[in-house]
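What follows is a single structure, written as structure tokens, with notes after it.
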Amino acid sequence: MNSPDLPGQPQLAYRGNELFLEDVRLSDLAKQHGTPLFVYSKGAMLAALAAYQRGFAGRDVQICYAVKANSSLSVIQVFALAGCGFDIVSGGEIERVLAAGGQADRIIFSGVGKTRAEMRRALDVGIGCFNVESEAELDVLNEVASAMGVRAPVSIRVNPNVDPKTHPYISTGLKSSKFGIPHERVLPTYQRAAALKGLRVIGIDCHIGSQITQEEPYLETVDRMIDLVEAIEAAGIPIQHIDFGGGLGINYNGETPPGAEQLWKKLLARLDARGFGRRQLMIEPGRSLVGNAGVCLTEVLYLKPGAQKNFCIIDAAMNDLPRPAMYQAFHQIVPLHQREAAAVTWDVVGPVCESGDWIGHDRELAVQAGDLLAVLSAGAFCMSMASNYNARGRAPEILVTGEQAHVIRLRETLADQMRQEKLL
Ligand code: LLP
């Protein structure tokens, strides 16, 4: 039997006909904990981190895991114990990082809409840096910090206007985007920030988009960022750190993004050539650290062959796996137990009452009702974007390491869902 390709998932493999993540047979977990069920490999997360660390060996770099990719406490804890900092975008993410043992001074706070309350809390706990996204935000942060008698450490998120060549919803560095300060406003914005008494300018940052699969946009970004740093420093404002954001893509379906190690060796060579290789650097990777560390297990509920389409109806849906509906994203779907039967072409869909509730179009699968499937590359932007749509409880999560499987989140019950509501 030909095993399907398992793109990019280092700890996922068939042993005989059975799919394993690390040394755990996935069908055992599905039977024990029910489906849908997210399962992550700790080894795969640490291997993805190690690739960055090799690329940066000997340099002054803070890797700040972008919590939005997967904000489950144990996932944050894995990266905290590995010495990472964190890129966060809300007060909720600050609390998650602190609850999971992350260090406050290694937190950087991104996002275009920080509230005063979030700023106060971040200053209270002593985060490392605010990545400020507008001139109006500079003024508010200055006001909040001054009222507290402190100086807020800031970096300004600049918009380098580089095309990341990815899906439009996840391109963030283009001129038309809501993020960052436009290139031509960067210097005046730094001058304004430097004059505000409640702020302490320490860095510059950018983030050009997500699921980037080529190295050119990064090389271009390095050049544009250095041009800006040179101009800002020439105006007498020293920049301690340069933050290049996240965005490195993963292999969902045969994409061939550069490896983190190779990419960063190349980018450091470019930084060296321009005399900036020994600066303090930061990056904010999310997807590339966790995306290919996880799968979502699901059961086939019904087969519904039709004149035009055959539907394979599974118990996971767009509320668990929103990426196909939101971005037409591709996630590979494979059986947990391979069967010797002819494959048929199926549209794999969930039970939610929307035509957009599909997980995969035109998939060749040999399946029967009751079979278990794995939706691959489900470690990033799946659980963290999951919802209760159709009053569906969010799925539980398990982290495996070797032969051990730790439940890191219980299945959400109806009582959990209804807890915050009141009848008239
Ligand atoms: N830093 C900032 C400021 C960001 O906005 C993001 C992601 C990251 C870092 C991490 O980027 P990554 O390394 O994960 O590409 N929900 C979409 C992706 C949205 C990305 C938003 N920002 C998806 O499922 O594809």
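Chains: A, B, ... in order of the structure tokens. Residues: from 1 per chain. Ligands: from 1, in order shown.
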
- Enumerate as a PyMOL selection string all residues of region 288-421 of chain A assigned to helix (DSSP H, G or I) by DSSP on the backbone, naming them with the chain letters and numbers the document uses. chain A and resi 288-293+323-327+383-385+389-391+414-418

I'd like a table as CSV: residues in chain A with an atom no more than 6 Å from ligand 1, each row giving the shortest atom pair and its distance in Å to one decimal, only C-alpha atoms and all ligand atoms counted, sorted by chain and rising residue number.
residue,atom,partner,partner_atom_place_in_ligand_line,distance
A:Ala66,CA,ligand 1,10 (C),5.1
A:Ala69,CA,ligand 1,14 (O),5.6
A:Ser110,CA,ligand 1,3 (C),5.4
A:Ile170,CA,ligand 1,19 (C),5.4
A:His207,CA,ligand 1,3 (C),5.4
A:Ser210,CA,ligand 1,15 (O),3.5
A:Gln211,CA,ligand 1,15 (O),5.3
A:Gly245,CA,ligand 1,1 (N),4.9
A:Gly246,CA,ligand 1,13 (O),3.7
A:Gly247,CA,ligand 1,15 (O),3.1
A:Leu248,CA,ligand 1,13 (O),5.3
A:Glu284,CA,ligand 1,9 (C),4.6
A:Pro285,CA,ligand 1,13 (O),3.6
A:Gly286,CA,ligand 1,14 (O),3.4
A:Arg287,CA,ligand 1,14 (O),3.7
A:Ser288,CA,ligand 1,13 (O),5.8
A:Arg323,CA,ligand 1,24 (O),5.5
A:Phe381,CA,ligand 1,24 (O),4.6

May I have the selected residues written with C-alpha atoms, as a PDB file, in the first residue's frame?
ATOM      1  CA  ALA A  66       3.786  34.763  18.302  1.00  0.00           C
ATOM      2  CA  ALA A  69      -0.670  30.978  16.368  1.00  0.00           C
ATOM      3  CA  SER A 110       2.031  44.244  18.880  1.00  0.00           C
ATOM      4  CA  ILE A 170      -2.338  37.623   5.609  1.00  0.00           C
ATOM      5  CA  HIS A 207       6.008  42.122  10.021  1.00  0.00           C
ATOM      6  CA  SER A 210       2.354  35.235   6.995  1.00  0.00           C
ATOM      7  CA  GLN A 211       2.872  31.894   5.220  1.00  0.00           C
ATOM      8  CA  GLY A 245       8.509  39.973  12.707  1.00  0.00           C
ATOM      9  CA  GLY A 246       7.348  36.489  11.807  1.00  0.00           C
ATOM     10  CA  GLY A 247       5.808  35.092   8.678  1.00  0.00           C
ATOM     11  CA  LEU A 248       7.908  32.144   7.586  1.00  0.00           C
ATOM     12  CA  GLU A 284       8.244  36.837  16.021  1.00  0.00           C
ATOM     13  CA  PRO A 285       7.600  33.441  14.432  1.00  0.00           C
ATOM     14  CA  GLY A 286       4.272  31.754  15.051  1.00  0.00           C
ATOM     15  CA  ARG A 287       3.111  29.311  12.399  1.00  0.00           C
ATOM     16  CA  SER A 288       6.606  27.985  11.611  1.00  0.00           C
ATOM     17  CA  ARG A 323      -8.673  28.138   7.748  1.00  0.00           C
ATOM     18  CA  PHE A 381      -4.314  29.133  13.727  1.00  0.00           C
TER      19      PHE A 381
END

- Item | Residues flagged strand (DSSP E or B) by DSSP in region 227-398 of chain A, as a PyMOL selection string | chain A and resi 241-243+248+280-283+294-304+311-314+333-335+337+344-349+358-365+372-375+397-398

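Residues surrounding Ile226 (chain A) within 9 Å are Thr221, Val222, Asp223, Val229, Glu230, Ala231, Ile242, Leu271, Arg274 and Phe276 of chain A [only C-alpha atoms; sequence separation below 3 positions excluded].
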
Output all heavy atoms for every residue in the selection just made, as a tab-separated table (two decimals), in the first residue's frame.
chain	number	residue	atom	x	y	z
A	221	THR	N	13.20	43.14	2.84
A	221	THR	CA	12.84	43.77	4.11
A	221	THR	C	14.08	44.16	4.89
A	221	THR	O	14.15	45.24	5.48
A	221	THR	CB	11.98	42.80	4.94
A	221	THR	OG1	10.79	42.52	4.20
A	221	THR	CG2	11.59	43.38	6.28
A	222	VAL	N	15.07	43.28	4.91
A	222	VAL	CA	16.31	43.59	5.64
A	222	VAL	C	16.90	44.88	5.10
A	222	VAL	O	17.25	45.80	5.86
A	222	VAL	CB	17.31	42.41	5.52
A	222	VAL	CG1	18.72	42.86	5.90
A	222	VAL	CG2	16.88	41.25	6.39
A	223	ASP	N	16.97	44.99	3.80
A	223	ASP	CA	17.55	46.21	3.22
A	223	ASP	C	16.76	47.45	3.58
A	223	ASP	O	17.32	48.47	3.96
A	223	ASP	CB	17.64	46.07	1.69
A	223	ASP	CG	18.92	45.33	1.31
A	223	ASP	OD1	19.90	45.43	2.06
A	223	ASP	OD2	18.91	44.63	0.27
A	229	VAL	N	16.88	52.39	9.69
A	229	VAL	CA	17.67	52.53	10.93
A	229	VAL	C	18.78	53.56	10.70
A	229	VAL	O	19.03	54.42	11.55
A	229	VAL	CB	18.26	51.17	11.37
A	229	VAL	CG1	19.20	51.35	12.55
A	229	VAL	CG2	17.14	50.20	11.73
A	230	GLU	N	19.40	53.52	9.54
A	230	GLU	CA	20.47	54.49	9.25
A	230	GLU	C	19.93	55.91	9.29
A	230	GLU	O	20.54	56.81	9.88
A	230	GLU	CB	21.11	54.18	7.89
A	230	GLU	CG	22.04	52.98	7.98
A	230	GLU	CD	22.61	52.53	6.63
A	230	GLU	OE1	22.08	52.94	5.58
A	230	GLU	OE2	23.58	51.76	6.64
A	231	ALA	N	18.75	56.09	8.70
A	231	ALA	CA	18.17	57.44	8.66
A	231	ALA	C	17.78	57.91	10.07
A	231	ALA	O	18.01	59.06	10.45
A	231	ALA	CB	16.95	57.46	7.74
A	242	ILE	N	16.47	45.49	16.32
A	242	ILE	CA	15.69	45.43	15.08
A	242	ILE	C	14.89	44.14	15.10
A	242	ILE	O	15.46	43.05	15.30
A	242	ILE	CB	16.61	45.44	13.83
A	242	ILE	CG1	17.65	46.56	13.92
A	242	ILE	CG2	15.78	45.56	12.56
A	242	ILE	CD1	18.65	46.56	12.77
A	271	LEU	N	22.86	41.25	6.70
A	271	LEU	CA	23.02	42.22	7.80
A	271	LEU	C	24.50	42.50	8.05
A	271	LEU	O	24.91	43.65	8.24
A	271	LEU	CB	22.35	41.69	9.07
A	271	LEU	CG	20.83	41.80	9.11
A	271	LEU	CD1	20.23	40.84	10.14
A	271	LEU	CD2	20.41	43.24	9.46
A	274	ARG	N	26.06	44.82	5.64
A	274	ARG	CA	25.73	46.23	5.85
A	274	ARG	C	26.15	46.73	7.24
A	274	ARG	O	25.77	47.83	7.65
A	274	ARG	CB	24.24	46.44	5.62
A	274	ARG	CG	23.90	46.12	4.16
A	274	ARG	CD	22.72	46.83	3.62
A	274	ARG	NE	22.63	48.24	3.96
A	274	ARG	CZ	21.56	48.99	3.69
A	274	ARG	NH1	20.53	48.44	3.07
A	274	ARG	NH2	21.52	50.26	4.01
A	276	PHE	N	25.38	45.47	10.25
A	276	PHE	CA	24.37	45.41	11.32
A	276	PHE	C	24.22	44.02	11.93
A	276	PHE	O	23.29	43.78	12.69
A	276	PHE	CB	23.00	45.87	10.78
A	276	PHE	CG	22.89	47.37	10.65
A	276	PHE	CD1	23.45	48.03	9.58
A	276	PHE	CD2	22.25	48.11	11.63
A	276	PHE	CE1	23.37	49.42	9.47
A	276	PHE	CE2	22.16	49.49	11.53
A	276	PHE	CZ	22.73	50.14	10.45

Do you have, as a Markdown table, the list of residues of region 157-206 of chain A lying at most 12 Å from region 127-132 of chain A, each with its nearest atom pair and that distance in Å to one decimal, counting only C-alpha atoms and ordered by chain then number?
| residue | atom | partner | partner_atom | distance |
| --- | --- | --- | --- | --- |
| A:Arg157 | CA | A:Asn131 | CA | 5.7 |
| A:Val158 | CA | A:Val132 | CA | 9.0 |
| A:Asn159 | CA | A:Val132 | CA | 11.7 |
| A:Phe179 | CA | A:Val132 | CA | 9.8 |
| A:Gly180 | CA | A:Val132 | CA | 7.7 |
| A:Ile181 | CA | A:Val132 | CA | 8.8 |
| A:Val186 | CA | A:Val132 | CA | 11.6 |
| A:Thr189 | CA | A:Val132 | CA | 10.4 |
| A:Tyr190 | CA | A:Val132 | CA | 10.7 |
| A:Ala193 | CA | A:Val132 | CA | 10.0 |
| A:Leu199 | CA | A:Phe130 | CA | 9.9 |
| A:Arg200 | CA | A:Cys129 | CA | 9.5 |
| A:Val201 | CA | A:Cys129 | CA | 9.3 |
| A:Ile202 | CA | A:Cys129 | CA | 7.9 |
| A:Gly203 | CA | A:Cys129 | CA | 8.3 |
| A:Ile204 | CA | A:Asn131 | CA | 7.9 |
| A:Asp205 | CA | A:Asn131 | CA | 7.0 |
| A:Cys206 | CA | A:Asn131 | CA | 8.9 |

- Message: With only C-alpha atoms as the counted atoms, please give the residues lying no more than 10 Å from Leu376 (chain A), apart from itself and same-chain residues fewer than 6 positions off, as a count of residues only.
- Response: 19

- Leaving out Lys304 (chain A) and any residue of its chain fewer than 5 positions from it, which residues lie within 10 Å of it when counting only C-alpha atoms, given as number ranges by chain? A: 309-313, 346-347, 369

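Of note, CA of Met383 (chain A) and CA of Val39 (chain A) are spaced 10.7 Å apart.
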
- Excluding Asp23 (chain A) and residues on its chain fewer than 4 positions from it, collect all residues at most 9 Å away from it, counting only C-alpha atoms, and give them as a PyMOL selection string. chain A and resi 11+400-404

- Task: Tell me, as a PyMOL selection string, which residues lie within 12 Å of Ser146 (chain A), counting only C-alpha atoms; anything in the same chain fewer than 3 positions away does not count.
- Result: chain A and resi 119-120+123+138-143+149-152+196-200

Go ahead and save the residues from that selection, with all heavy atoms, as a CSV table (one decimal), in the first residue's frame.
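Dumped to result_23.csv:
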chain,number,residue,atom,x,y,z
A,119,MET,N,-2.5,48.7,28.0
A,119,MET,CA,-1.2,49.4,28.2
A,119,MET,C,-0.8,49.4,29.7
A,119,MET,O,0.4,49.2,30.0
A,119,MET,CB,-1.3,50.8,27.7
A,119,MET,CG,-1.4,50.9,26.1
A,119,MET,SD,-1.7,52.6,25.7
A,119,MET,CE,-1.7,52.5,23.9
A,120,ARG,N,-1.8,49.8,30.5
A,120,ARG,CA,-1.5,49.9,32.0
A,120,ARG,C,-1.0,48.6,32.5
A,120,ARG,O,0.0,48.5,33.2
A,120,ARG,CB,-2.7,50.4,32.7
A,120,ARG,CG,-2.8,51.9,32.9
A,120,ARG,CD,-3.8,52.3,33.9
A,120,ARG,NE,-5.2,52.0,33.4
A,120,ARG,CZ,-5.9,52.8,32.7
A,120,ARG,NH1,-5.4,54.0,32.3
A,120,ARG,NH2,-7.1,52.5,32.3
A,123,LEU,N,2.5,47.7,31.3
A,123,LEU,CA,3.5,48.5,32.0
A,123,LEU,C,3.7,48.0,33.5
A,123,LEU,O,4.8,47.9,34.0
A,123,LEU,CB,3.1,50.0,32.0
A,123,LEU,CG,3.3,50.7,30.7
A,123,LEU,CD1,2.6,52.1,30.7
A,123,LEU,CD2,4.7,50.9,30.3
A,138,LEU,N,1.0,56.4,19.9
A,138,LEU,CA,2.2,56.9,20.7
A,138,LEU,C,1.8,57.9,21.7
A,138,LEU,O,2.2,57.9,22.9
A,138,LEU,CB,3.1,57.7,19.7
A,138,LEU,CG,4.2,57.0,18.9
A,138,LEU,CD1,5.0,58.0,18.1
A,138,LEU,CD2,5.1,56.1,19.8
A,139,ASP,N,0.8,58.8,21.3
A,139,ASP,CA,0.3,59.8,22.3
A,139,ASP,C,-0.4,59.2,23.5
A,139,ASP,O,-0.2,59.6,24.6
A,139,ASP,CB,-0.6,60.8,21.6
A,139,ASP,CG,0.2,61.6,20.6
A,139,ASP,OD1,1.4,61.8,20.7
A,139,ASP,OD2,-0.5,62.1,19.6
A,140,VAL,N,-1.2,58.2,23.2
A,140,VAL,CA,-2.0,57.5,24.3
A,140,VAL,C,-1.0,56.8,25.2
A,140,VAL,O,-1.1,56.9,26.4
A,140,VAL,CB,-3.1,56.6,23.7
A,140,VAL,CG1,-3.7,55.8,24.8
A,140,VAL,CG2,-4.1,57.4,23.0
A,141,LEU,N,-0.1,56.1,24.6
A,141,LEU,CA,0.9,55.3,25.5
A,141,LEU,C,1.7,56.3,26.3
A,141,LEU,O,2.0,56.1,27.5
A,141,LEU,CB,1.8,54.5,24.6
A,141,LEU,CG,2.8,53.6,25.3
A,141,LEU,CD1,2.1,52.6,26.3
A,141,LEU,CD2,3.6,52.8,24.3
A,142,ASN,N,2.1,57.4,25.7
A,142,ASN,CA,2.8,58.4,26.5
A,142,ASN,C,2.0,58.9,27.7
A,142,ASN,O,2.5,59.0,28.8
A,142,ASN,CB,3.2,59.6,25.5
A,142,ASN,CG,3.9,60.7,26.2
A,142,ASN,OD1,4.9,60.5,26.9
A,142,ASN,ND2,3.3,61.9,26.1
A,143,GLU,N,0.8,59.2,27.4
A,143,GLU,CA,-0.1,59.7,28.5
A,143,GLU,C,-0.3,58.6,29.6
A,143,GLU,O,-0.1,59.0,30.8
A,143,GLU,CB,-1.5,59.8,27.8
A,143,GLU,CG,-2.5,60.8,28.3
A,143,GLU,CD,-3.7,60.7,27.5
A,143,GLU,OE1,-3.7,61.1,26.3
A,143,GLU,OE2,-4.7,60.2,28.0
A,149,GLY,N,4.0,57.4,36.0
A,149,GLY,CA,5.3,57.7,36.4
A,149,GLY,C,6.4,56.8,35.9
A,149,GLY,O,7.4,56.6,36.5
A,150,VAL,N,6.1,56.2,34.7
A,150,VAL,CA,7.2,55.3,34.1
A,150,VAL,C,7.4,55.8,32.7
A,150,VAL,O,6.7,56.6,32.1
A,150,VAL,CB,6.7,53.8,34.2
A,150,VAL,CG1,6.6,53.4,35.6
A,150,VAL,CG2,5.4,53.6,33.4
A,151,ARG,N,8.4,55.2,32.1
A,151,ARG,CA,8.6,55.4,30.6
A,151,ARG,C,8.4,54.1,29.9
A,151,ARG,O,9.0,53.1,30.2
A,151,ARG,CB,10.1,55.9,30.4
A,151,ARG,CG,10.3,57.2,31.1
A,151,ARG,CD,11.7,57.8,30.8
A,151,ARG,NE,11.7,58.4,29.4
A,151,ARG,CZ,12.8,58.8,28.8
A,151,ARG,NH1,14.0,58.7,29.4
A,151,ARG,NH2,12.7,59.4,27.6
A,152,ALA,N,7.6,54.1,28.9
A,152,ALA,CA,7.2,52.9,28.2
A,152,ALA,C,8.3,52.6,27.1
A,152,ALA,O,8.6,53.5,26.3
A,152,ALA,CB,5.9,53.0,27.5
A,196,LEU,N,8.7,62.6,23.4
A,196,LEU,CA,7.7,62.3,24.4
A,196,LEU,C,8.3,61.8,25.7
A,196,LEU,O,9.0,60.7,25.6
A,196,LEU,CB,6.6,61.4,23.9
A,196,LEU,CG,5.8,62.0,22.7
A,196,LEU,CD1,4.9,60.9,22.1
A,196,LEU,CD2,4.9,63.2,23.2
A,197,LYS,N,8.1,62.4,26.8
A,197,LYS,CA,8.8,62.1,28.1
A,197,LYS,C,8.3,60.7,28.6
A,197,LYS,O,9.1,60.1,29.4
A,197,LYS,CB,8.5,63.2,29.1
A,197,LYS,CG,9.0,64.5,28.8
A,197,LYS,CD,10.5,64.6,29.1
A,197,LYS,CE,11.2,65.9,28.6
A,197,LYS,NZ,11.4,65.9,27.2
A,198,GLY,N,7.2,60.3,28.3
A,198,GLY,CA,6.7,59.0,28.8
A,198,GLY,C,7.2,57.8,28.0
A,198,GLY,O,6.8,56.6,28.3
A,199,LEU,N,8.0,58.0,27.0
A,199,LEU,CA,8.4,56.9,26.1
A,199,LEU,C,9.9,56.8,26.1
A,199,LEU,O,10.6,57.8,26.3
A,199,LEU,CB,7.9,57.1,24.7
A,199,LEU,CG,6.4,57.4,24.5
A,199,LEU,CD1,6.1,57.5,23.0
A,199,LEU,CD2,5.6,56.2,25.1
A,200,ARG,N,10.4,55.6,25.9
A,200,ARG,CA,11.8,55.4,25.7
A,200,ARG,C,12.0,54.6,24.4
A,200,ARG,O,11.5,53.4,24.4
A,200,ARG,CB,12.3,54.5,26.9
A,200,ARG,CG,13.7,54.3,27.1
A,200,ARG,CD,14.1,53.9,28.5
A,200,ARG,NE,13.2,52.8,29.0
A,200,ARG,CZ,13.5,51.5,28.9
A,200,ARG,NH1,14.6,51.1,28.3
A,200,ARG,NH2,12.6,50.6,29.4
